[in-house]
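*Asks:* Hey, dropping my_file_0.txt in here, compact mmCIF, C-alpha atoms:
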```
# COMPACT_ATOMS: atom_id res chain seq x y z
CA MET A 1 -46.63 -58.87 74.85
CA PRO A 2 -49.76 -60.34 73.16
CA LEU A 3 -51.17 -56.83 73.20
CA ALA A 4 -48.07 -55.42 71.46
CA ILE A 5 -48.15 -58.12 68.80
CA ALA A 6 -51.81 -57.43 68.20
CA LEU A 7 -51.10 -53.74 67.71
CA ILE A 8 -48.06 -54.22 65.42
CA ALA A 9 -49.42 -56.95 63.16
CA PRO A 10 -52.01 -54.76 61.37
CA SER A 11 -49.37 -52.09 60.72
CA LEU A 12 -46.98 -54.63 59.10
CA ALA A 13 -49.79 -55.99 56.96
CA LEU A 14 -50.71 -52.45 55.82
CA ALA A 15 -47.09 -51.62 54.97
CA GLN A 16 -46.76 -54.80 52.92
CA THR A 17 -49.99 -54.01 51.10
CA ARG A 18 -48.72 -50.46 50.22
CA ALA A 19 -45.34 -51.76 48.99
CA GLU A 20 -46.83 -54.23 46.50
CA PRO A 21 -48.08 -51.57 43.98
CA ARG A 22 -44.59 -49.96 43.89
CA GLU A 23 -43.04 -53.26 42.89
CA ALA A 24 -45.70 -53.65 40.28
CA VAL A 25 -45.03 -50.15 38.88
CA SER A 26 -41.30 -50.76 38.83
CA THR A 27 -41.74 -54.09 37.07
CA ALA A 28 -44.06 -52.50 34.49
CA ALA A 29 -41.55 -49.71 33.84
CA ASP A 30 -38.75 -52.20 33.26
CA GLU A 31 -40.90 -54.18 30.86
CA THR A 32 -41.82 -50.98 28.95
CA ALA A 33 -38.14 -49.93 28.66
CA ALA A 34 -37.23 -53.39 27.42
CA THR A 35 -40.03 -53.24 24.86
CA VAL A 36 -38.87 -49.79 23.61
CA ALA A 37 -35.29 -51.01 23.44
CA LEU A 38 -36.35 -53.99 21.35
CA GLU A 39 -38.34 -51.78 19.00
CA LEU A 40 -35.32 -49.43 18.24
CA PRO A 41 -33.47 -50.24 14.98
CA PRO A 42 -30.13 -51.94 15.62
CA VAL A 43 -26.94 -49.88 15.12
CA THR A 44 -24.90 -51.47 12.42
CA VAL A 45 -21.20 -52.09 12.81
CA ALA A 46 -20.43 -49.97 9.76
CA ALA A 47 -22.27 -46.96 11.16
CA ALA A 48 -20.51 -47.36 14.49
CA GLU A 49 -17.13 -47.48 12.78
CA GLN A 50 -18.00 -44.40 10.73
CA SER A 51 -18.98 -42.46 13.85
CA VAL A 52 -15.52 -42.89 15.37
CA ARG A 53 -13.48 -42.65 12.16
CA PRO A 54 -10.95 -39.78 12.45
CA VAL A 55 -11.41 -36.76 10.16
CA VAL A 56 -8.39 -35.99 7.98
CA ALA A 57 -7.77 -32.24 7.85
CA GLY A 58 -7.20 -30.67 4.44
CA ARG A 59 -4.76 -27.92 3.51
CA ARG A 60 -5.39 -24.61 5.19
CA ARG A 61 -4.64 -21.02 4.19
CA ARG A 62 -1.06 -20.27 5.21
CA PRO A 63 -0.34 -16.78 6.54
CA SER A 64 1.41 -14.40 4.16
CA MET A 65 5.15 -15.09 4.29
CA VAL A 66 6.47 -12.64 1.69
CA GLY A 67 8.36 -9.50 2.62
CA TYR A 68 8.30 -7.43 -0.58
CA ILE A 69 5.24 -8.64 -2.47
CA GLU A 70 2.06 -7.14 -1.04
CA ASP A 71 0.13 -9.16 1.53
CA GLY A 72 -3.21 -10.34 0.11
CA THR A 73 -4.64 -11.32 3.51
CA ILE A 74 -7.84 -9.58 4.60
CA GLN A 75 -7.47 -8.95 8.34
CA SER A 76 -7.08 -6.25 10.94
CA GLN A 77 -3.38 -5.73 11.62
CA VAL A 78 -0.63 -3.19 12.22
CA ARG A 79 2.71 -3.29 10.43
CA PHE A 80 6.04 -1.57 11.03
CA ARG A 81 8.69 -1.77 8.32
CA PHE A 82 12.25 -0.47 8.06
CA ASP A 83 14.16 -0.28 4.76
CA SER A 84 17.78 0.62 4.19
CA GLY A 85 18.61 1.09 0.49
CA PHE A 86 22.00 1.65 -1.12
CA GLY A 87 23.15 2.86 -4.52
CA ASN A 88 20.14 4.62 -6.06
CA SER A 89 21.76 6.28 -9.08
CA VAL A 90 18.62 7.68 -10.81
CA PRO A 91 16.22 8.66 -8.02
CA ASP A 92 13.96 10.83 -10.19
CA ARG A 93 13.32 8.13 -12.85
CA ALA A 94 9.68 8.64 -13.93
CA GLU A 95 9.18 10.48 -10.59
CA PHE A 96 8.64 7.09 -8.98
CA PHE A 97 10.99 7.57 -6.01
CA TYR A 98 11.12 11.37 -5.79
CA GLY A 99 10.37 14.43 -7.92
CA LYS A 100 12.19 15.76 -10.95
CA CYS A 101 15.75 16.80 -10.15
CA GLY A 102 15.94 20.44 -9.05
CA CYS A 103 19.16 20.72 -11.02
CA TYR A 104 17.03 21.70 -14.04
CA LYS A 105 16.72 25.13 -12.44
CA TYR A 106 20.39 25.73 -13.22
CA VAL A 107 20.84 24.20 -16.67
CA PRO A 108 20.63 26.37 -19.81
CA PRO A 109 17.47 26.51 -21.97
CA PRO A 110 15.59 24.75 -23.40
CA ALA A 111 15.93 22.09 -20.68
CA ARG A 112 15.75 24.67 -17.87
CA ASP A 113 12.75 24.24 -15.57
CA PRO A 114 12.44 26.76 -12.73
CA ASP A 115 9.60 24.69 -11.25
CA ALA A 116 11.53 21.41 -10.96
CA PRO A 117 10.50 20.20 -7.48
CA GLY A 118 13.32 17.82 -6.47
CA PRO A 119 16.66 18.42 -4.74
CA GLY A 120 18.62 20.89 -6.83
CA GLN A 121 22.20 20.87 -5.64
CA GLY A 122 23.41 18.50 -8.35
CA ILE A 123 22.74 15.47 -10.51
CA PRO A 124 22.89 12.48 -8.16
CA THR A 125 24.99 9.48 -9.12
CA GLU A 126 24.54 7.60 -5.84
CA ILE A 127 22.03 8.02 -3.03
CA ASN A 128 21.50 5.92 0.06
CA TYR A 129 18.22 6.15 1.92
CA THR A 130 16.23 4.78 4.82
CA GLU A 131 12.46 4.52 5.17
CA PHE A 132 10.32 3.61 8.15
CA TYR A 133 6.67 2.74 7.44
CA SER A 134 3.84 2.42 9.91
CA GLN A 135 0.64 0.90 8.54
CA ALA A 136 -2.74 0.08 10.04
CA GLU A 137 -5.32 -2.13 8.32
CA PHE A 138 -8.92 -2.61 9.43
CA ALA A 139 -10.99 -5.54 8.17
CA ILE A 140 -14.61 -4.49 7.66
CA ASP A 141 -15.53 -8.16 7.25
CA ASP A 142 -13.96 -11.29 5.77
CA ARG A 143 -13.87 -9.78 2.27
CA PHE A 144 -13.07 -6.08 2.63
CA SER A 145 -10.47 -4.00 4.45
CA VAL A 146 -9.11 -0.45 4.41
CA PHE A 147 -5.59 0.69 5.31
CA GLY A 148 -3.40 3.74 5.73
CA GLU A 149 0.38 4.04 5.65
CA LEU A 150 2.67 6.83 6.82
CA PRO A 151 6.34 6.70 5.75
CA PHE A 152 9.30 8.53 7.27
CA ARG A 153 12.23 8.91 4.87
CA GLY A 154 15.88 9.84 5.22
CA ILE A 155 18.06 10.77 2.19
CA ASP A 156 21.84 10.47 2.30
CA PRO A 157 23.54 11.57 -0.96
CA GLN A 158 26.87 9.87 -1.60
CA ALA A 159 27.97 11.32 -4.94
CA PHE A 160 26.63 13.87 -7.41
CA VAL A 161 27.65 16.17 -10.25
CA PRO A 162 27.21 19.73 -8.93
CA THR A 163 25.10 22.11 -11.00
CA GLY A 164 24.20 24.75 -8.44
CA LEU A 165 25.06 24.84 -4.76
CA LEU A 166 28.06 22.67 -3.92
CA ASP A 167 26.76 21.40 -0.57
CA TRP A 168 24.12 18.73 -0.41
CA GLU A 169 23.35 17.56 3.07
CA GLY A 170 21.14 14.63 3.99
CA GLN A 171 17.45 15.28 4.60
CA SER A 172 14.74 13.48 6.53
CA GLY A 173 11.04 13.85 7.22
CA ILE A 174 7.54 12.61 6.45
CA GLY A 175 7.12 11.01 3.02
CA ASP A 176 4.07 10.68 0.77
CA LEU A 177 0.98 9.39 2.59
CA ARG A 178 -0.58 6.18 1.26
CA PHE A 179 -4.04 4.74 1.80
CA GLY A 180 -6.43 2.34 0.09
CA GLY A 181 -8.47 -0.82 0.35
CA LYS A 182 -8.55 -4.55 -0.38
CA ALA A 183 -11.35 -6.79 -1.63
CA SER A 184 -11.30 -10.57 -1.76
CA LEU A 185 -12.38 -11.72 -5.24
CA PHE A 186 -11.96 -15.44 -4.63
CA ASN A 187 -11.04 -17.61 -1.66
CA ASP A 188 -11.59 -21.34 -1.22
CA GLY A 189 -9.62 -21.69 1.99
CA THR A 190 -6.32 -22.66 0.38
CA SER A 191 -6.06 -20.25 -2.59
CA GLY A 192 -7.33 -16.77 -3.22
CA VAL A 193 -7.21 -13.62 -5.32
CA THR A 194 -7.40 -10.18 -3.73
CA ALA A 195 -7.82 -6.82 -5.46
CA MET A 196 -6.00 -3.87 -3.90
CA VAL A 197 -6.15 -0.18 -4.74
CA ARG A 198 -3.63 2.21 -3.18
CA MET A 199 -3.47 5.98 -3.45
CA MET A 200 -0.40 8.12 -2.83
CA VAL A 201 -0.74 11.81 -2.00
CA PRO A 202 2.21 14.27 -2.07
CA THR A 203 2.66 15.01 1.64
CA GLY A 204 6.47 14.68 1.51
CA ASP A 205 8.69 17.68 0.82
CA ALA A 206 9.85 17.03 -2.77
CA HIS A 207 12.58 19.70 -2.52
CA LYS A 208 14.23 17.54 0.14
CA GLY A 209 13.76 14.32 -1.83
CA LEU A 210 11.02 13.07 0.48
CA GLY A 211 8.23 12.78 -2.09
CA THR A 212 7.23 12.85 -5.75
CA ASN A 213 5.28 16.15 -5.76
CA HIS A 214 2.29 14.49 -7.46
CA ALA A 215 -0.47 12.01 -6.64
CA SER A 216 -0.60 8.48 -7.99
CA ILE A 217 -2.87 5.45 -7.88
CA GLU A 218 -1.88 1.79 -7.93
CA PRO A 219 -4.43 -0.98 -8.57
CA SER A 220 -3.07 -4.51 -8.05
CA LEU A 221 -4.11 -8.15 -8.11
CA LEU A 222 -2.65 -10.30 -5.31
CA PHE A 223 -2.60 -14.09 -5.47
CA HIS A 224 -1.85 -16.69 -2.81
CA SER A 225 -2.01 -20.47 -2.77
CA SER A 226 -1.12 -23.18 -0.27
CA VAL A 227 0.56 -25.63 -2.63
CA ALA A 228 1.04 -28.11 0.23
CA ASP A 229 0.72 -28.11 4.01
CA ARG A 230 4.14 -26.46 4.37
CA VAL A 231 4.61 -24.83 0.96
CA GLY A 232 2.98 -21.69 -0.38
CA ILE A 233 3.33 -19.26 -3.26
CA GLU A 234 2.29 -15.62 -3.53
CA ALA A 235 2.27 -13.24 -6.49
CA GLN A 236 1.43 -9.67 -7.44
CA LEU A 237 0.60 -7.77 -10.62
CA GLY A 238 0.08 -4.00 -10.36
CA TYR A 239 0.03 -0.77 -12.31
CA TRP A 240 1.38 2.42 -10.74
CA ALA A 241 -0.26 5.36 -12.57
CA SER A 242 0.95 8.90 -11.97
CA ILE A 243 -1.54 11.74 -11.69
CA GLY A 244 0.03 14.96 -12.88
CA GLY A 245 3.78 15.32 -12.63
CA SER A 246 6.48 17.78 -13.60
CA ALA A 247 7.18 19.07 -17.10
CA GLY A 248 9.12 16.73 -19.35
CA VAL A 249 12.57 17.37 -20.81
CA ASN A 250 12.12 19.37 -24.03
CA SER A 251 8.73 17.72 -24.37
CA GLU A 252 5.07 18.31 -23.68
CA ASP A 253 4.89 14.89 -21.98
CA SER A 254 5.06 14.61 -18.23
CA PHE A 255 8.32 13.84 -16.47
CA ALA A 256 6.34 11.32 -14.40
CA GLY A 257 5.63 7.96 -16.02
CA ASP A 258 3.57 4.89 -15.27
CA VAL A 259 5.14 1.70 -13.92
CA LEU A 260 3.99 -1.90 -14.31
CA THR A 261 4.94 -3.93 -11.22
CA TRP A 262 5.05 -7.70 -10.73
CA GLY A 263 6.38 -10.22 -8.27
CA ILE A 264 6.32 -13.89 -7.30
CA GLY A 265 7.53 -15.57 -4.14
CA PRO A 266 7.46 -19.20 -2.92
CA SER A 267 7.93 -20.00 0.78
CA PHE A 268 8.50 -23.15 2.82
CA ASP A 269 7.88 -23.90 6.50
CA ALA A 270 11.33 -25.10 7.56
CA TYR A 271 10.22 -25.37 11.18
CA SER A 272 6.70 -25.52 12.56
CA SER A 273 5.23 -26.07 16.02
CA SER A 274 2.05 -25.07 17.81
CA THR A 275 3.54 -21.68 18.74
CA LEU A 276 6.33 -20.97 16.24
CA SER A 277 6.99 -21.35 12.53
CA ILE A 278 10.03 -20.23 10.53
CA SER A 279 9.68 -19.95 6.75
CA PRO A 280 12.40 -19.01 4.25
CA VAL A 281 11.09 -17.14 1.22
CA VAL A 282 12.60 -16.12 -2.13
CA GLU A 283 10.97 -13.35 -4.17
CA LEU A 284 11.51 -12.12 -7.70
CA VAL A 285 10.19 -8.57 -8.12
CA GLY A 286 10.16 -6.44 -11.27
CA TRP A 287 9.19 -3.02 -12.63
CA HIS A 288 8.62 -1.97 -16.24
CA VAL A 289 8.64 1.81 -16.73
CA ILE A 290 6.08 3.13 -19.20
CA GLY A 291 6.88 6.69 -20.29
CA GLY A 292 8.41 9.53 -18.32
CA PHE A 293 11.92 10.93 -18.09
CA GLN A 294 15.05 10.57 -15.96
CA THR A 295 18.13 12.55 -14.98
CA CYS A 296 21.13 10.31 -15.55
CA VAL A 297 24.72 11.21 -16.42
CA THR A 298 25.48 7.71 -17.75
CA CYS A 299 22.23 7.05 -19.68
CA ASP A 300 21.96 7.36 -23.45
CA THR A 301 18.63 9.18 -23.33
CA PRO A 302 16.62 11.24 -20.86
CA GLU A 303 13.56 9.13 -21.65
CA ALA A 304 12.76 6.55 -18.97
CA GLY A 305 10.14 4.57 -20.92
CA GLY A 306 11.07 0.97 -21.62
CA THR A 307 13.34 0.59 -18.59
CA ASN A 308 13.15 -2.83 -16.94
CA ILE A 309 14.27 -3.41 -13.36
CA VAL A 310 14.38 -6.85 -11.71
CA ASN A 311 15.40 -7.65 -8.13
CA ILE A 312 15.75 -10.86 -6.19
CA LYS A 313 14.99 -10.96 -2.47
CA PHE A 314 16.08 -13.52 0.09
CA GLY A 315 14.47 -13.58 3.50
CA ALA A 316 12.65 -15.49 6.21
CA ARG A 317 9.56 -14.90 8.31
CA ALA A 318 8.88 -16.13 11.84
CA MET A 319 5.29 -16.51 13.05
CA VAL A 320 4.76 -16.52 16.82
CA ASN A 321 1.46 -17.68 18.35
CA GLY A 322 -0.36 -17.00 15.08
CA ARG A 323 -0.43 -13.22 15.67
CA HIS A 324 3.13 -11.92 15.76
CA SER A 325 5.16 -11.95 12.56
CA ILE A 326 8.79 -10.89 12.06
CA TYR A 327 10.50 -10.70 8.66
CA GLY A 328 14.11 -10.05 7.70
CA GLY A 329 15.31 -9.87 4.10
CA TYR A 330 18.01 -8.76 1.70
CA GLY A 331 17.47 -7.68 -1.92
CA LEU A 332 19.82 -7.40 -4.89
CA SER A 333 19.38 -5.84 -8.31
CA LEU A 334 19.71 -8.24 -11.26
CA THR A 335 19.65 -5.53 -13.95
CA ASP A 336 21.86 -2.56 -14.81
CA ALA A 337 18.93 -0.19 -14.21
CA ASP A 338 17.77 -0.20 -10.60
CA TRP A 339 16.07 1.64 -7.76
CA TYR A 340 18.92 0.49 -5.51
CA ASP A 341 21.90 -1.86 -5.67
CA LYS A 342 20.91 -3.61 -2.46
CA LEU A 343 18.25 -3.27 0.18
CA PHE A 344 17.87 -4.55 3.75
CA ARG A 345 14.36 -4.88 5.20
CA LEU A 346 12.99 -5.62 8.67
CA GLU A 347 9.27 -5.92 9.37
CA TYR A 348 6.99 -6.62 12.29
CA ARG A 349 3.26 -7.41 11.94
CA LEU A 350 0.65 -7.88 14.60
CA GLY A 351 -2.70 -9.38 13.62
CA PHE A 352 -6.00 -9.04 15.45
```
Written as structure tokens, that's how I'd like the structure from this file.
*Replies:*
Amino acid sequence: MPLAIALIAPSLALAQTRAEPREAVSTAADETAATVALELPPVTVAAAEQSVRPVVAGRRRRPSMVGYIEDGTIQSQVRFRFDSGFGNSVPDRAEFFYGKCGCYKYVPPPARDPDAPGPGQGIPTEINYTEFYSQAEFAIDDRFSVFGELPFRGIDPQAFVPTGLLDWEGQSGIGDLRFGGKASLFNDGTSGVTAMVRMMVPTGDAHKGLGTNHASIEPSLLFHSSVADRVGIEAQLGYWASIGGSAGVNSEDSFAGDVLTWGIGPSFDAYSSSTLSISPVVELVGWHVIGGFQTCVTCDTPEAGGTNIVNIKFGARAMVNGRHSIYGGYGLSLTDADWYDKLFRLEYRLGF
């Protein structure tokens, strides 16, 4: 036993000697940390309160809720739209809806026009129609986008004054192709102005009432503003300019005319959640015809210039998960002159 104690004692003494520097190092480190902590500037109560103060979110850009006014949003999206219009009594007015009535092939000189491109079985007094549009828009960046639109039209004549053939059956087919671009001129996150230019090319068969038989260009200014968190307003001002057109009626002027277009539409989020919002919208849309002619059995003059058309549209849009958008609306004419007495519209949009 004395031998064992003699052997162990030096080892314990050595271990104790080696442990003492570690305690010294640890104690020095603690003192250094305390010194650094004391040297740091104190955090004031005001700064601490500011660091945890909640941030109040401002108004954000609401998605486009309108159904008839053009969408000023710059984004990649696809859109499918179906229109059902009733009571178009002057479909060739300024060659805005379709080409000059083909009935001019059968009237006596000097009004006769063997090249009149539109349907020629009579002077229409009431036409119903349907149109299905498919549109794709690609956003180049946050400020610019390009789009193309292909319409499919169906014409269903209800009443006409015969001037040639007595039978006039409904027609359907591809309409006039449309394409163009948008550019954001101003956007502060809640309000913005977008410039849009759209071209129409005569791909529809004008003889069947599916197109205008001439090209046209339509520059527009589109405005949107989030008036409040749940209220927005959108507006449009455009100018539809015809390029070419048929011969006028006893005139050197073109049968096609230009059309000034305008519209305004407020909307309100009646219901809103993280995945779904439902917003009623009312739109007032108008057209002022500048020049051109028309074929109308009840009009005082064949000249279309000066005609004013105003419609009111009632509808609602549902937004699902921020990407899917469904609109349903109903439009009525407020003026004697019109493009239709009433119009039903359904639309689906998918954003990317």
*Asks:* So the first atom is CA of Thr275 (chain A) and the second is CA of Phe147 (chain A); what is the distance between them in Å, to one decimal place?
*Replies:*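 About the pair CA of Thr275 (chain A) and CA of Phe147 (chain A): they are 27.6 Å apart.
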*Asks:* Using all atoms listed in the file, which of the listed residues (A:Glu137, A:Glu283, A:Asp269, A:Asp188) sits closest to Ala235 (chain A)?
*Replies:*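 Nearest candidate to Ala235 (chain A) out of A:Glu137, A:Glu283, A:Asp269, A:Asp188: A:Glu283.
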*Asks:* Work out how far CA of Asp142 (chain A) is from CA of Ser184 (chain A), in Å to one decimal.
*Replies:*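 Computing the Euclidean distance for CA of Ser184 (chain A) and CA of Asp142 (chain A) yields 8.0 Å.
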*Asks:* I'd like the contact shell of region 325-328 of chain A - 6 Å cut-off, all atoms listed in the file, skipping same-chain residues fewer than 4 positions apart - returned as a PyMOL selection string.
*Replies:* chain A and resi 315-319+345-349
*Asks:* Save out the residues we just selected, C-alpha atoms, as a PDB file, keeping the file's coordinate frame.
*Replies:*
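So the final result, stored in out02.pdb, reads:
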```
ATOM      1  CA  GLY A 315      14.470 -13.580   3.500  1.00  0.00           C
ATOM      2  CA  ALA A 316      12.650 -15.490   6.210  1.00  0.00           C
ATOM      3  CA  ARG A 317       9.560 -14.900   8.310  1.00  0.00           C
ATOM      4  CA  ALA A 318       8.880 -16.130  11.840  1.00  0.00           C
ATOM      5  CA  MET A 319       5.290 -16.510  13.050  1.00  0.00           C
ATOM      6  CA  ARG A 345      14.360  -4.880   5.200  1.00  0.00           C
ATOM      7  CA  LEU A 346      12.990  -5.620   8.670  1.00  0.00           C
ATOM      8  CA  GLU A 347       9.270  -5.920   9.370  1.00  0.00           C
ATOM      9  CA  TYR A 348       6.990  -6.620  12.290  1.00  0.00           C
ATOM     10  CA  ARG A 349       3.260  -7.410  11.940  1.00  0.00           C
TER      11      ARG A 349
END
```
*Asks:* What is the CA of Ser84 (chain A) to CA of Glu303 (chain A) distance in Å?
*Replies:* 27.5 Å
*Asks:* Of the candidates A:Arg79, A:Glu126, A:Tyr271, A:Lys100, which shows the shortest atom-to-atom distance to Leu350 (chain A), using all atoms listed in the file?
*Replies:* A:Arg79
*Asks:* Using only C-alpha atoms, which residue out of A:His224, A:Arg81, A:Arg93, A:Arg178 lies closest to Pro202 (chain A)?
*Replies:* A:Arg178
*Asks:* Which one of A:Val249, A:Tyr340, A:Phe186, A:Ser172 sits closest to Pro109 (chain A) if you count only C-alpha atoms?
*Replies:*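 Distance minimum relative to Pro109 (chain A) lands on A:Val249.
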*Asks:* I'd like the contact shell of Val297 (chain A) - 12 Å cut-off, all atoms listed in the file, skipping same-chain residues fewer than 5 positions apart - returned as a VMD selection string.
*Replies:* chain A and resid 89 to 90 122 to 126 159 to 162 302
*Asks:* With all atoms listed in the file as the counted atoms, please give the residues lying no more than 6 Å from Thr212 (chain A), apart from itself and same-chain residues fewer than 3 positions off, as a PyMOL selection string.
*Replies:* chain A and resi 95+98-99+206
*Asks:* I need the residue nearest Ile243 (chain A) from this list: A:Leu221, A:Ala270, A:Val201, A:Cys101. Use all atoms listed in the file for the distance.
*Replies:*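 For Ile243 (chain A), the nearest of the given residues is A:Val201.
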*Asks:* Could you tell me, as a VMD selection string, which residues have any atom at most 8 Å from (2.0, 3.4, 4.3), counting only C-alpha atoms?
*Replies:* chain A and resid 133 to 135 148 to 151 177 to 179
*Asks:* Let me see the file: selected residues, C-alpha atoms, as a PDB file, in the frame of the given file.
*Replies:*
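To be explicit, this is the file written out as selection.pdb:
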```
ATOM      1  CA  TYR A 133       6.670   2.740   7.440  1.00  0.00           C
ATOM      2  CA  SER A 134       3.840   2.420   9.910  1.00  0.00           C
ATOM      3  CA  GLN A 135       0.640   0.900   8.540  1.00  0.00           C
ATOM      4  CA  GLY A 148      -3.400   3.740   5.730  1.00  0.00           C
ATOM      5  CA  GLU A 149       0.380   4.040   5.650  1.00  0.00           C
ATOM      6  CA  LEU A 150       2.670   6.830   6.820  1.00  0.00           C
ATOM      7  CA  PRO A 151       6.340   6.700   5.750  1.00  0.00           C
ATOM      8  CA  LEU A 177       0.980   9.390   2.590  1.00  0.00           C
ATOM      9  CA  ARG A 178      -0.580   6.180   1.260  1.00  0.00           C
ATOM     10  CA  PHE A 179      -4.040   4.740   1.800  1.00  0.00           C
TER      11      PHE A 179
END
```
*Asks:* Choose the residue, out of A:Asn250, A:Asn88, A:Ser76, A:Gln171, that has the smallest atom-to-atom separation from Gly209 (chain A); count all atoms listed in the file.
*Replies:*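 Ranking A:Asn250, A:Asn88, A:Ser76, A:Gln171 by distance to Gly209 (chain A), first place goes to A:Gln171.
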*Asks:* What lies within 8 Å of Asn308 (chain A) using all atoms listed in the file, ignoring chain neighbours under 5 positions off, as a PyMOL selection string?
*Replies:* chain A and resi 286-289+335+337
*Asks:* Could you tell me, as a list of chain:residue names, which residues have any atom at most 12 Å from (-5.9, -3.7, -11.5), counting only C-alpha atoms?
*Replies:* A:Lys182, A:Ala183, A:Val193, A:Thr194, A:Ala195, A:Met196, A:Val197, A:Arg198, A:Ile217, A:Glu218, A:Pro219, A:Ser220, A:Leu221, A:Leu222, A:Gln236, A:Leu237, A:Gly238, A:Tyr239, A:Trp240, A:Ala241, A:Leu260, A:Thr261, A:Trp262
